[in-house]
file entry30.cif (mmCIF, C-alpha atoms)
data_data
#
loop_
_atom_site.label_atom_id
_atom_site.label_comp_id
_atom_site.auth_asym_id
_atom_site.auth_seq_id
_atom_site.Cartn_x
_atom_site.Cartn_y
_atom_site.Cartn_z
CA MET A 25 -6.31 57.08 31.36
CA ARG A 26 -9.75 55.79 32.11
CA ALA A 27 -10.96 57.36 28.86
CA LEU A 28 -8.23 55.58 26.92
CA VAL A 29 -9.19 52.18 28.37
CA LEU A 30 -12.79 52.88 27.57
CA LEU A 31 -11.85 53.89 24.05
CA ILE A 32 -9.90 50.68 23.49
CA ALA A 33 -12.75 48.67 24.93
CA LEU A 34 -15.19 50.38 22.64
CA TYR A 35 -12.93 50.03 19.66
CA SER A 36 -12.39 46.36 20.18
CA GLY A 37 -16.04 45.81 20.98
CA ASN A 38 -16.84 44.85 17.41
CA VAL A 39 -13.89 42.49 17.30
CA PHE A 40 -14.55 38.99 18.48
CA SER A 41 -11.95 38.12 21.06
CA ALA A 42 -11.74 34.43 20.17
CA ASP A 43 -10.46 34.16 16.62
CA TYR A 44 -7.83 31.53 16.10
CA ALA A 45 -5.71 30.08 13.35
CA GLN A 46 -4.18 26.61 13.34
CA GLN A 47 -0.52 26.20 14.15
CA ALA A 48 2.07 23.72 12.97
CA GLY A 49 1.53 20.35 14.64
CA SER A 50 -2.21 20.40 13.98
CA SER A 51 -3.49 17.26 12.31
CA LEU A 52 -6.46 16.10 10.28
CA GLY A 53 -6.68 12.36 9.86
CA PHE A 54 -9.17 9.74 8.83
CA THR A 55 -9.62 6.06 9.53
CA GLY A 56 -11.39 3.67 7.25
CA SER A 57 -11.37 0.02 6.36
CA TYR A 58 -10.13 -1.58 3.17
CA GLN A 59 -10.23 -5.30 2.41
CA GLY A 60 -11.14 -5.91 6.03
CA GLU A 61 -8.12 -4.04 7.34
CA THR A 62 -8.18 -0.69 9.13
CA PHE A 63 -6.13 2.02 7.50
CA HIS A 64 -5.22 5.53 8.59
CA GLY A 65 -4.77 8.52 6.40
CA SER A 66 -4.07 12.18 6.90
CA PHE A 67 -4.23 15.48 5.04
CA SER A 68 -0.96 17.36 5.11
CA LYS A 69 -2.61 20.54 3.77
CA PHE A 70 -5.61 22.04 5.46
CA ASN A 71 -6.41 25.39 6.93
CA SER A 72 -8.67 26.14 9.88
CA SER A 73 -10.21 29.45 10.85
CA ILE A 74 -11.74 28.96 14.25
CA ARG A 75 -13.84 31.47 16.11
CA PHE A 76 -14.84 29.89 19.35
CA ASP A 77 -15.81 31.00 22.81
CA PRO A 78 -17.60 28.51 25.07
CA ALA A 79 -19.51 31.46 26.52
CA LYS A 80 -20.59 32.76 23.10
CA LEU A 81 -21.61 29.67 21.14
CA ALA A 82 -24.06 31.64 19.02
CA GLU A 83 -21.23 33.76 17.64
CA SER A 84 -18.78 30.90 17.16
CA ARG A 85 -17.77 29.85 13.65
CA PHE A 86 -15.59 27.12 12.12
CA ASP A 87 -14.26 27.24 8.61
CA VAL A 88 -11.85 24.50 7.55
CA ARG A 89 -10.52 24.08 4.02
CA ILE A 90 -8.89 20.80 3.09
CA THR A 91 -6.65 20.23 0.08
CA LEU A 92 -7.83 16.79 -1.03
CA ALA A 93 -4.72 15.96 -3.05
CA SER A 94 -2.69 16.09 0.16
CA ALA A 95 -4.29 12.85 1.40
CA ASN A 96 -1.73 10.26 2.42
CA THR A 97 -2.72 6.72 3.46
CA LYS A 98 0.79 5.23 3.21
CA ASN A 99 -0.01 3.29 0.08
CA ALA A 100 0.98 4.92 -3.23
CA GLU A 101 -1.62 3.03 -5.32
CA ARG A 102 -4.41 3.82 -2.89
CA ASP A 103 -3.42 7.50 -2.64
CA GLU A 104 -3.45 7.81 -6.40
CA MET A 105 -6.88 6.21 -6.52
CA LEU A 106 -8.14 8.40 -3.68
CA VAL A 107 -7.58 11.66 -5.56
CA GLY A 108 -8.98 10.11 -8.76
CA SER A 109 -12.38 10.63 -10.31
CA GLU A 110 -14.08 7.72 -8.55
CA PHE A 111 -13.08 8.95 -5.09
CA PHE A 112 -12.26 12.59 -4.23
CA ASN A 113 -12.22 13.73 -7.86
CA ALA A 114 -9.69 16.32 -6.73
CA ALA A 115 -9.00 17.51 -10.28
CA ALA A 116 -12.55 18.87 -10.55
CA GLN A 117 -12.94 20.00 -6.94
CA PRO A 118 -9.56 20.33 -5.23
CA GLU A 119 -10.89 21.38 -1.84
CA ALA A 120 -13.30 20.08 0.75
CA ARG A 121 -14.73 22.54 3.22
CA TYR A 122 -16.23 22.20 6.67
CA THR A 123 -18.21 25.13 8.04
CA ALA A 124 -20.12 25.33 11.31
CA SER A 125 -22.14 28.06 12.95
CA LYS A 126 -24.33 26.00 15.29
CA PHE A 127 -22.81 24.63 18.47
CA ARG A 128 -24.15 22.69 21.40
CA ALA A 129 -22.46 22.29 24.76
CA LEU A 130 -22.18 18.76 26.17
CA GLY A 131 -20.56 19.84 29.43
CA LYS A 132 -17.00 19.39 30.69
CA ASN A 133 -15.55 21.39 27.80
CA ARG A 134 -17.13 19.10 25.27
CA PHE A 135 -19.23 20.37 22.38
CA ILE A 136 -20.91 19.38 19.16
CA ALA A 137 -20.59 21.47 16.03
CA ASP A 138 -23.55 20.92 13.72
CA GLY A 139 -21.53 21.75 10.67
CA ILE A 140 -21.78 21.21 6.95
CA LEU A 141 -19.19 19.24 5.00
CA SER A 142 -18.85 20.14 1.33
CA LEU A 143 -17.01 17.44 -0.54
CA ARG A 144 -17.08 16.47 -4.18
CA GLY A 145 -19.98 18.81 -4.92
CA VAL A 146 -22.16 17.46 -2.10
CA SER A 147 -22.96 19.51 1.02
CA LYS A 148 -24.32 17.60 3.94
CA SER A 149 -24.60 17.96 7.68
CA VAL A 150 -21.80 16.21 9.60
CA PRO A 151 -21.71 16.71 13.38
CA LEU A 152 -18.27 17.13 14.88
CA THR A 153 -17.87 16.21 18.53
CA PHE A 154 -14.94 18.01 20.10
CA SER A 155 -13.26 18.92 23.32
CA TRP A 156 -11.97 22.42 23.87
CA THR A 157 -8.94 23.05 26.03
CA PRO A 158 -9.06 26.73 26.84
CA GLY A 159 -6.00 28.91 27.27
CA ALA A 160 -3.94 31.51 25.47
CA ARG A 161 -3.30 28.80 22.88
CA PRO A 162 -6.37 26.63 23.00
CA GLN A 163 -6.56 23.12 21.64
CA LEU A 164 -9.41 21.45 19.85
CA GLN A 165 -9.69 17.70 19.63
CA GLY A 166 -12.54 16.50 17.48
CA THR A 167 -13.99 13.47 15.81
CA ALA A 168 -16.71 12.99 13.21
CA LYS A 169 -18.19 10.09 11.33
CA VAL A 170 -18.58 10.59 7.60
CA GLN A 171 -20.63 8.26 5.41
CA ARG A 172 -18.41 8.20 2.32
CA LEU A 173 -21.22 7.31 -0.10
CA ASP A 174 -23.21 10.39 1.00
CA PHE A 175 -20.45 12.34 -0.72
CA LYS A 176 -20.02 9.86 -3.61
CA VAL A 177 -16.52 8.96 -2.46
CA GLY A 178 -15.83 5.59 -4.01
CA ILE A 179 -18.46 5.24 -6.69
CA GLY A 180 -18.86 2.80 -9.57
CA ASP A 181 -17.57 -0.62 -8.61
CA TRP A 182 -16.12 0.88 -5.42
CA ASP A 183 -19.51 1.24 -3.71
CA ASP A 184 -19.00 -2.32 -2.43
CA LEU A 185 -19.37 -1.81 1.33
CA GLU A 186 -17.75 -5.13 2.10
CA LEU A 187 -14.56 -3.95 0.44
CA ILE A 188 -14.74 -0.39 1.77
CA PRO A 189 -17.35 0.17 4.51
CA ASN A 190 -19.36 3.37 4.41
CA VAL A 191 -18.18 4.91 7.66
CA VAL A 192 -14.95 6.84 7.71
CA THR A 193 -13.94 8.34 11.05
CA VAL A 194 -12.31 11.75 10.87
CA ASN A 195 -10.05 12.88 13.68
CA THR A 196 -8.55 16.28 14.16
CA GLN A 197 -6.33 17.99 16.63
CA LEU A 198 -5.96 21.71 16.25
CA LEU A 199 -3.29 23.68 18.02
CA LEU A 200 -4.58 27.21 17.91
CA SER A 201 -3.21 30.66 18.43
CA PRO A 202 -5.12 33.95 18.46
CA VAL A 203 -5.39 35.95 15.30
CA ALA A 204 -4.65 39.65 15.79
CA THR A 205 -6.86 40.99 13.04
CA PRO A 206 -9.74 38.64 12.53
CA SER A 207 -11.10 40.60 9.59
CA ALA A 208 -7.88 40.13 7.63
CA LYS A 209 -7.61 37.18 5.33
CA ILE A 210 -5.75 34.32 6.89
CA LYS A 211 -3.03 32.88 4.73
CA PRO A 212 -3.30 29.14 4.15
CA ALA A 213 -1.04 27.35 6.54
CA THR A 214 0.69 24.11 5.85
CA THR A 215 1.20 21.61 8.59
CA LYS A 216 2.96 18.35 8.51
CA PRO A 217 1.42 15.38 10.30
CA MET B 50 1.50 -46.79 -4.67
CA THR B 51 2.31 -46.13 -1.05
CA LEU B 52 2.05 -42.83 0.75
CA ARG B 53 5.71 -42.78 1.71
CA ASN B 54 8.74 -42.81 -0.55
CA ASN B 55 11.11 -45.77 -0.75
CA THR B 56 14.62 -46.11 -2.17
CA GLN B 57 13.25 -46.93 -5.62
CA THR B 58 10.32 -44.58 -6.11
CA TRP B 59 8.32 -41.63 -4.85
CA GLY B 60 5.26 -42.18 -2.65
CA SER B 61 1.89 -40.59 -3.37
CA MET B 62 2.49 -37.73 -0.92
CA SER B 63 5.61 -36.51 -2.70
CA ILE B 64 4.00 -37.01 -6.11
CA ALA B 65 0.88 -35.04 -5.15
CA LEU B 66 2.93 -32.19 -3.65
CA HIS B 67 5.17 -32.04 -6.72
CA TRP B 68 2.40 -31.78 -9.33
CA LEU B 69 0.12 -29.61 -7.24
CA THR B 70 2.98 -27.13 -6.87
CA LEU B 71 3.53 -27.14 -10.64
CA ILE B 72 -0.16 -26.49 -11.37
CA LEU B 73 -0.27 -23.63 -8.86
CA ILE B 74 2.94 -22.10 -10.24
CA ILE B 75 1.60 -22.13 -13.80
CA GLY B 76 -1.57 -20.41 -12.57
CA LEU B 77 0.46 -17.88 -10.56
CA ALA B 78 2.71 -17.14 -13.55
CA VAL B 79 -0.17 -16.60 -15.99
CA VAL B 80 -2.18 -14.41 -13.61
CA GLY B 81 0.90 -12.67 -12.16
CA SER B 82 2.25 -11.62 -15.56
CA ASN B 83 -1.03 -10.03 -16.61
CA MET B 84 -2.77 -8.73 -13.50
CA ASP B 85 -0.92 -5.41 -13.49
CA ASP B 86 -2.66 -4.46 -16.77
CA LEU B 87 -6.16 -4.88 -15.34
CA PRO B 88 -8.18 -1.68 -15.00
CA ASN B 89 -8.25 -0.33 -11.45
CA GLY B 90 -11.23 -1.62 -9.54
CA PRO B 91 -12.42 -4.14 -6.99
CA GLN B 92 -12.01 -6.90 -9.57
CA LYS B 93 -8.29 -6.15 -9.82
CA ILE B 94 -8.07 -6.34 -6.03
CA GLN B 95 -9.79 -9.73 -6.13
CA VAL B 96 -7.37 -11.03 -8.75
CA TYR B 97 -4.39 -9.79 -6.73
CA ALA B 98 -5.88 -11.34 -3.58
CA LEU B 99 -6.21 -14.67 -5.39
CA HIS B 100 -2.60 -14.46 -6.62
CA LYS B 101 -1.38 -13.69 -3.09
CA SER B 102 -3.38 -16.52 -1.48
CA THR B 103 -2.22 -19.01 -4.12
CA GLY B 104 1.39 -17.91 -3.62
CA LEU B 105 1.02 -18.42 0.12
CA THR B 106 -0.35 -21.88 -0.63
CA VAL B 107 2.84 -22.68 -2.57
CA LEU B 108 4.86 -21.42 0.41
CA ALA B 109 2.92 -23.73 2.75
CA LEU B 110 3.22 -26.67 0.34
CA THR B 111 6.98 -26.07 0.04
CA ILE B 112 7.38 -26.14 3.81
CA ILE B 113 5.38 -29.39 3.94
CA ARG B 114 7.50 -30.83 1.12
CA LEU B 115 10.76 -30.02 2.84
CA VAL B 116 9.56 -31.48 6.14
CA TRP B 117 8.30 -34.56 4.32
CA ARG B 118 11.61 -34.87 2.49
CA MET B 119 13.53 -34.56 5.74
CA PHE B 120 11.59 -37.34 7.46
CA SER B 121 11.22 -39.64 4.51
CA ILE B 122 13.54 -41.46 2.14
CA THR B 123 14.60 -39.80 -1.08
CA PRO B 124 14.70 -42.30 -3.93
CA ALA B 125 18.21 -42.88 -5.25
CA ASN B 126 19.28 -41.76 -8.71
CA VAL B 127 18.91 -44.39 -11.40
CA ASP B 128 21.88 -46.73 -11.71
CA ASN B 129 24.98 -45.52 -13.51
CA THR B 130 24.16 -41.85 -13.11
CA PRO B 131 27.39 -39.94 -13.81
CA ALA B 132 28.66 -38.01 -10.78
CA TRP B 133 28.44 -34.65 -12.57
CA GLN B 134 24.79 -35.28 -13.44
CA ALA B 135 24.01 -36.27 -9.87
CA MET B 136 25.70 -33.10 -8.69
CA ILE B 137 23.83 -30.82 -11.12
CA ALA B 138 20.53 -32.53 -10.26
CA LYS B 139 21.19 -31.95 -6.56
CA LEU B 140 22.11 -28.32 -7.22
CA VAL B 141 19.02 -27.64 -9.37
CA HIS B 142 16.73 -29.33 -6.83
CA GLY B 143 18.28 -27.24 -4.04
CA LEU B 144 17.88 -24.03 -6.05
CA LEU B 145 14.28 -24.90 -6.93
CA TYR B 146 13.42 -25.30 -3.26
CA LEU B 147 15.21 -22.05 -2.46
CA LEU B 148 13.29 -20.15 -5.14
CA LEU B 149 10.00 -21.75 -4.09
CA PHE B 150 10.60 -19.93 -0.81
CA ALA B 151 12.01 -16.76 -2.33
CA MET B 152 9.04 -16.21 -4.67
CA PRO B 153 6.28 -16.03 -2.05
CA ILE B 154 8.51 -14.25 0.49
CA THR B 155 9.47 -11.46 -1.96
CA GLY B 156 5.81 -11.19 -2.99
CA TRP B 157 4.75 -10.95 0.64
CA LEU B 158 7.45 -8.34 1.31
CA TYR B 159 6.38 -6.36 -1.78
CA ASN B 160 2.78 -6.43 -0.58
CA SER B 161 3.73 -5.31 2.93
CA ALA B 162 6.04 -2.52 1.76
CA ALA B 163 3.31 -1.29 -0.63
CA GLY B 164 0.94 -1.00 2.32
CA PHE B 165 -1.65 -3.55 1.21
CA PRO B 166 -3.49 -5.97 3.49
CA LEU B 167 -2.81 -9.69 3.20
CA LYS B 168 -5.57 -12.17 3.86
CA TYR B 169 -5.44 -15.88 3.12
CA PHE B 170 -8.47 -16.48 0.86
CA GLY B 171 -10.31 -13.93 3.00
CA LEU B 172 -10.06 -16.25 6.02
CA PHE B 173 -7.39 -14.71 8.22
CA SER B 174 -4.88 -11.87 8.07
CA LEU B 175 -1.16 -12.40 7.84
CA PRO B 176 1.36 -10.12 9.55
CA LYS B 177 3.19 -7.44 7.60
CA LEU B 178 6.85 -8.15 6.89
CA SER B 179 7.58 -4.42 6.78
CA GLY B 180 5.94 -1.04 7.15
CA TYR B 181 5.13 1.20 4.20
CA ASN B 182 8.43 1.67 2.41
CA PRO B 183 8.52 2.75 -1.26
CA GLU B 184 12.22 1.86 -1.73
CA LEU B 185 11.80 -1.60 -0.25
CA LYS B 186 8.64 -2.04 -2.30
CA ALA B 187 10.54 -1.32 -5.54
CA LEU B 188 13.36 -3.64 -4.50
CA ALA B 189 11.06 -6.51 -3.51
CA GLY B 190 9.02 -6.06 -6.69
CA GLU B 191 12.14 -6.32 -8.86
CA ALA B 192 13.34 -9.34 -6.91
CA HIS B 193 9.95 -11.03 -7.28
CA GLU B 194 10.11 -10.56 -11.05
CA THR B 195 13.76 -11.54 -11.49
CA ILE B 196 13.42 -14.62 -9.31
CA PHE B 197 10.40 -15.64 -11.38
CA TYR B 198 12.54 -15.72 -14.56
CA VAL B 199 15.29 -17.68 -12.83
CA LEU B 200 12.69 -20.11 -11.45
CA ALA B 201 11.10 -20.53 -14.90
CA LEU B 202 14.53 -21.23 -16.39
CA LEU B 203 15.38 -23.80 -13.72
CA MET B 204 11.98 -25.46 -14.14
CA LEU B 205 12.63 -25.80 -17.89
CA LEU B 206 16.06 -27.31 -17.15
CA HIS B 207 14.47 -29.67 -14.60
CA ALA B 208 11.71 -30.72 -17.01
CA GLY B 209 14.20 -31.03 -19.88
CA ALA B 210 16.37 -33.35 -17.80
CA ALA B 211 13.33 -35.48 -16.91
CA LEU B 212 12.35 -35.74 -20.57
CA LYS B 213 15.96 -36.64 -21.49
CA HIS B 214 15.82 -39.48 -18.93
CA HIS B 215 12.47 -40.63 -20.30
CA TYR B 216 13.06 -40.46 -24.04
CA LEU B 217 16.84 -40.78 -24.45
CA ASP B 218 17.99 -42.83 -21.47
CA LYS B 219 14.63 -44.63 -21.31
CA ASP B 220 14.89 -45.00 -17.54
CA ASN B 221 12.21 -44.56 -14.88
CA THR B 222 13.28 -41.13 -13.54
CA LEU B 223 10.13 -39.49 -14.91
CA THR B 224 7.70 -42.38 -14.47
CA ARG B 225 8.42 -42.75 -10.80
CA MET B 226 7.19 -39.16 -10.39
CA LEU B 227 4.49 -39.62 -13.05
CA PRO B 228 3.32 -43.24 -12.49
CA TRP B 229 0.33 -43.18 -14.86
CA LEU B 230 2.79 -42.72 -17.72
CA ALA B 231 4.46 -46.05 -16.91
CA ASN B 232 1.72 -48.23 -18.41
CA LYS B 233 1.77 -46.42 -21.70
CA PRO B 234 4.10 -47.56 -24.51
CA ARG B 235 7.41 -45.79 -24.24
CA GLY B 236 8.30 -43.44 -27.09
#
call {"tool": "encode", "arguments": {"input": "entry30.cif", "output": "structure tokens"}}
result
Amino acid sequence: MRALVLLIALYSGNVFSADYAQQAGSSLGFTGSYQGETFHGSFSKFNSSIRFDPAKLAESRFDVRITLASANTKNAERDEMLVGSEFFNAAAQPEARYTASKFRALGKNRFIADGILSLRGVSKSVPLTFSWTPGARPQLQGTAKVQRLDFKVGIGDWDDLELIPNVVTVNTQLLLSPVATPSAKIKPATTKP
Amino acid sequence: MTLRNNTQTWGSMSIALHWLTLILIIGLAVVGSNMDDLPNGPQKIQVYALHKSTGLTVLALTIIRLVWRMFSITPANVDNTPAWQAMIAKLVHGLLYLLLFAMPITGWLYNSAAGFPLKYFGLFSLPKLSGYNPELKALAGEAHETIFYVLALLMLLHAGAALKHHYLDKDNTLTRMLPWLANKPRG
């Protein structure tokens, strides 16, 4: 019996115990300003692979893929424009990706991921501040500030910062559940906001 | 010319409100019929914003006009106006006022249902009449367009009647609203 436990422990030793996939109810939203009025948007399609253990920050990894065409700001004209060539240019690059492998602890279950956002062909560092609620089904609540012009979102005449300020705040809430086989490919999940 | 109306003629307040409204409506109609074809961009947003603010101005002017009309005398019809003409004139005037409200309100509703902000000449924000609602947006858009055609038709009828009074009846129906025409030789 003892040998069996040891065997399992050895076998699972190369498997990270904190791999998670997002569950339905997770959300990825953004808040910007347009003509002096705050607007909220959300992505209905995004997929998060989260490997996180507050005790093993060095081994933690985030990988989030976002389907840009799923952006919804509750304004049909604006949504159409948003996926267009002057904004997300989703036809050329349908996905944005956020990856992180460097993490800092802020205390009280709060952390910063020094991740890289790849959007519209530009990859740039974007820190994500988040809180981690541990448990069998942990929750991650994060926020990041993205300078839209760093990623050429809203170019041409749209670079007018009075009309659309540079800062867009991204908010996410991930409801996570453990992944049994972390090496296996995780199927893209669809969540509705 | 006095500020207030009397039983014979319109005062300068009513005259100013009347012609200012006409000028703004012509501008709104010209811009409104063409702005949809503009290429997408901040300039289009500016043109739309101007159309919206001007429309709100007409709404404000119409409220002022109605209040002014309520607390001031309305000049009587010229003598010997047939009863049916008086009735049609009253009906058309009533409908014109109604549509002067309906135009900006349907535009405002359309804007709200489409999810766009509404600022009066960039000065202050106006509340939304509805949340984002594609069905309501389509409905309000159609209403805005249809009401425009009805308003244009009524305005032509209204102007035609004024010209008929001026050129055929040769009475002062038009000149009391357009006083600087009075000194000119009558055609």
call {"tool": "residues_near_point", "arguments": {"input": "entry30.cif", "point": "(6.8, -34.8, -7.4)", "cutoff": "12 Å", "atoms": "only C-alpha atoms", "output": "number ranges by chain"}}
result
B: 54, 58-72, 110-111, 114-115, 117-118, 123-124, 142, 207-208, 211, 222-228
call {"tool": "resolve_selection", "arguments": {"input": "entry30.cif", "expression": "the PyMOL selection byres ((chain A) within 10 of (chain B))", "output": "list in words"}}
result
Tyr58, Gln59, Gly60, Glu61, Thr62, Phe63, Thr97, Lys98, Asn99, Ala100, Glu101, Arg102, Met105, Glu110, Gly180, Asp181, Trp182, Asp183, Asp184, Leu187 and Ile188 of chain A
call {"tool": "residues_around", "arguments": {"input": "entry30.cif", "residues": "Asp77 of chain A", "least_positions_apart": "3", "cutoff": "12 Å", "atoms": "all atoms listed in the file", "output": "ChimeraX atom specification"}}
result
/A:40-44,74,80-86,127-129,133,135,156-159,162,164,202
call {"tool": "residues_around", "arguments": {"input": "entry30.cif", "residues": "Gly104 of chain B", "least_positions_apart": "5", "cutoff": "10 Å", "atoms": "only C-alpha atoms", "output": "list in words"}}
result
Thr70, Leu73, Ile74, Gly76, Leu77, Ala98, Leu99, Ala109, Leu110, Leu149, Phe150, Met152, Pro153, Ile154, Gly156, Trp157 and Tyr169 of chain B
call {"tool": "write_last_selection", "arguments": {"input": "entry30.cif", "atoms": "C-alpha atoms", "output": "short mmCIF file (atom, residue, chain, number, x, y, z; two decimals), in the frame of the given file"}}
result
data_model
loop_
_atom_site.label_atom_id
_atom_site.label_comp_id
_atom_site.auth_asym_id
_atom_site.auth_seq_id
_atom_site.Cartn_x
_atom_site.Cartn_y
_atom_site.Cartn_z
CA THR B 70 2.98 -27.13 -6.87
CA LEU B 73 -0.27 -23.63 -8.86
CA ILE B 74 2.94 -22.10 -10.24
CA GLY B 76 -1.57 -20.41 -12.57
CA LEU B 77 0.46 -17.88 -10.56
CA ALA B 98 -5.88 -11.34 -3.58
CA LEU B 99 -6.21 -14.67 -5.39
CA ALA B 109 2.92 -23.73 2.75
CA LEU B 110 3.22 -26.67 0.34
CA LEU B 149 10.00 -21.75 -4.09
CA PHE B 150 10.60 -19.93 -0.81
CA MET B 152 9.04 -16.21 -4.67
CA PRO B 153 6.28 -16.03 -2.05
CA ILE B 154 8.51 -14.25 0.49
CA GLY B 156 5.81 -11.19 -2.99
CA TRP B 157 4.75 -10.95 0.64
CA TYR B 169 -5.44 -15.88 3.12
#
call {"tool": "residues_around", "arguments": {"input": "entry30.cif", "residues": "Phe111 of chain A", "least_positions_apart": "3", "cutoff": "10 Å", "atoms": "all atoms listed in the file", "output": "list in words"}}
result
Glu104, Met105, Leu106, Val107, Gly108, Ala114, Arg144, Arg172, Leu173, Phe175, Lys176, Val177, Gly178, Ile179, Gly180 and Trp182 of chain A
call {"tool": "resolve_selection", "arguments": {"input": "entry30.cif", "expression": "the PyMOL selection byres ((chain A and resi 92) around 9)", "output": "list in words"}}
result
Phe67, Lys69, Phe70, Ile90, Thr91, Ala93, Ser94, Ala95, Leu106, Val107, Phe112, Asn113, Ala114, Gln117, Pro118, Glu119 and Ala120 of chain A
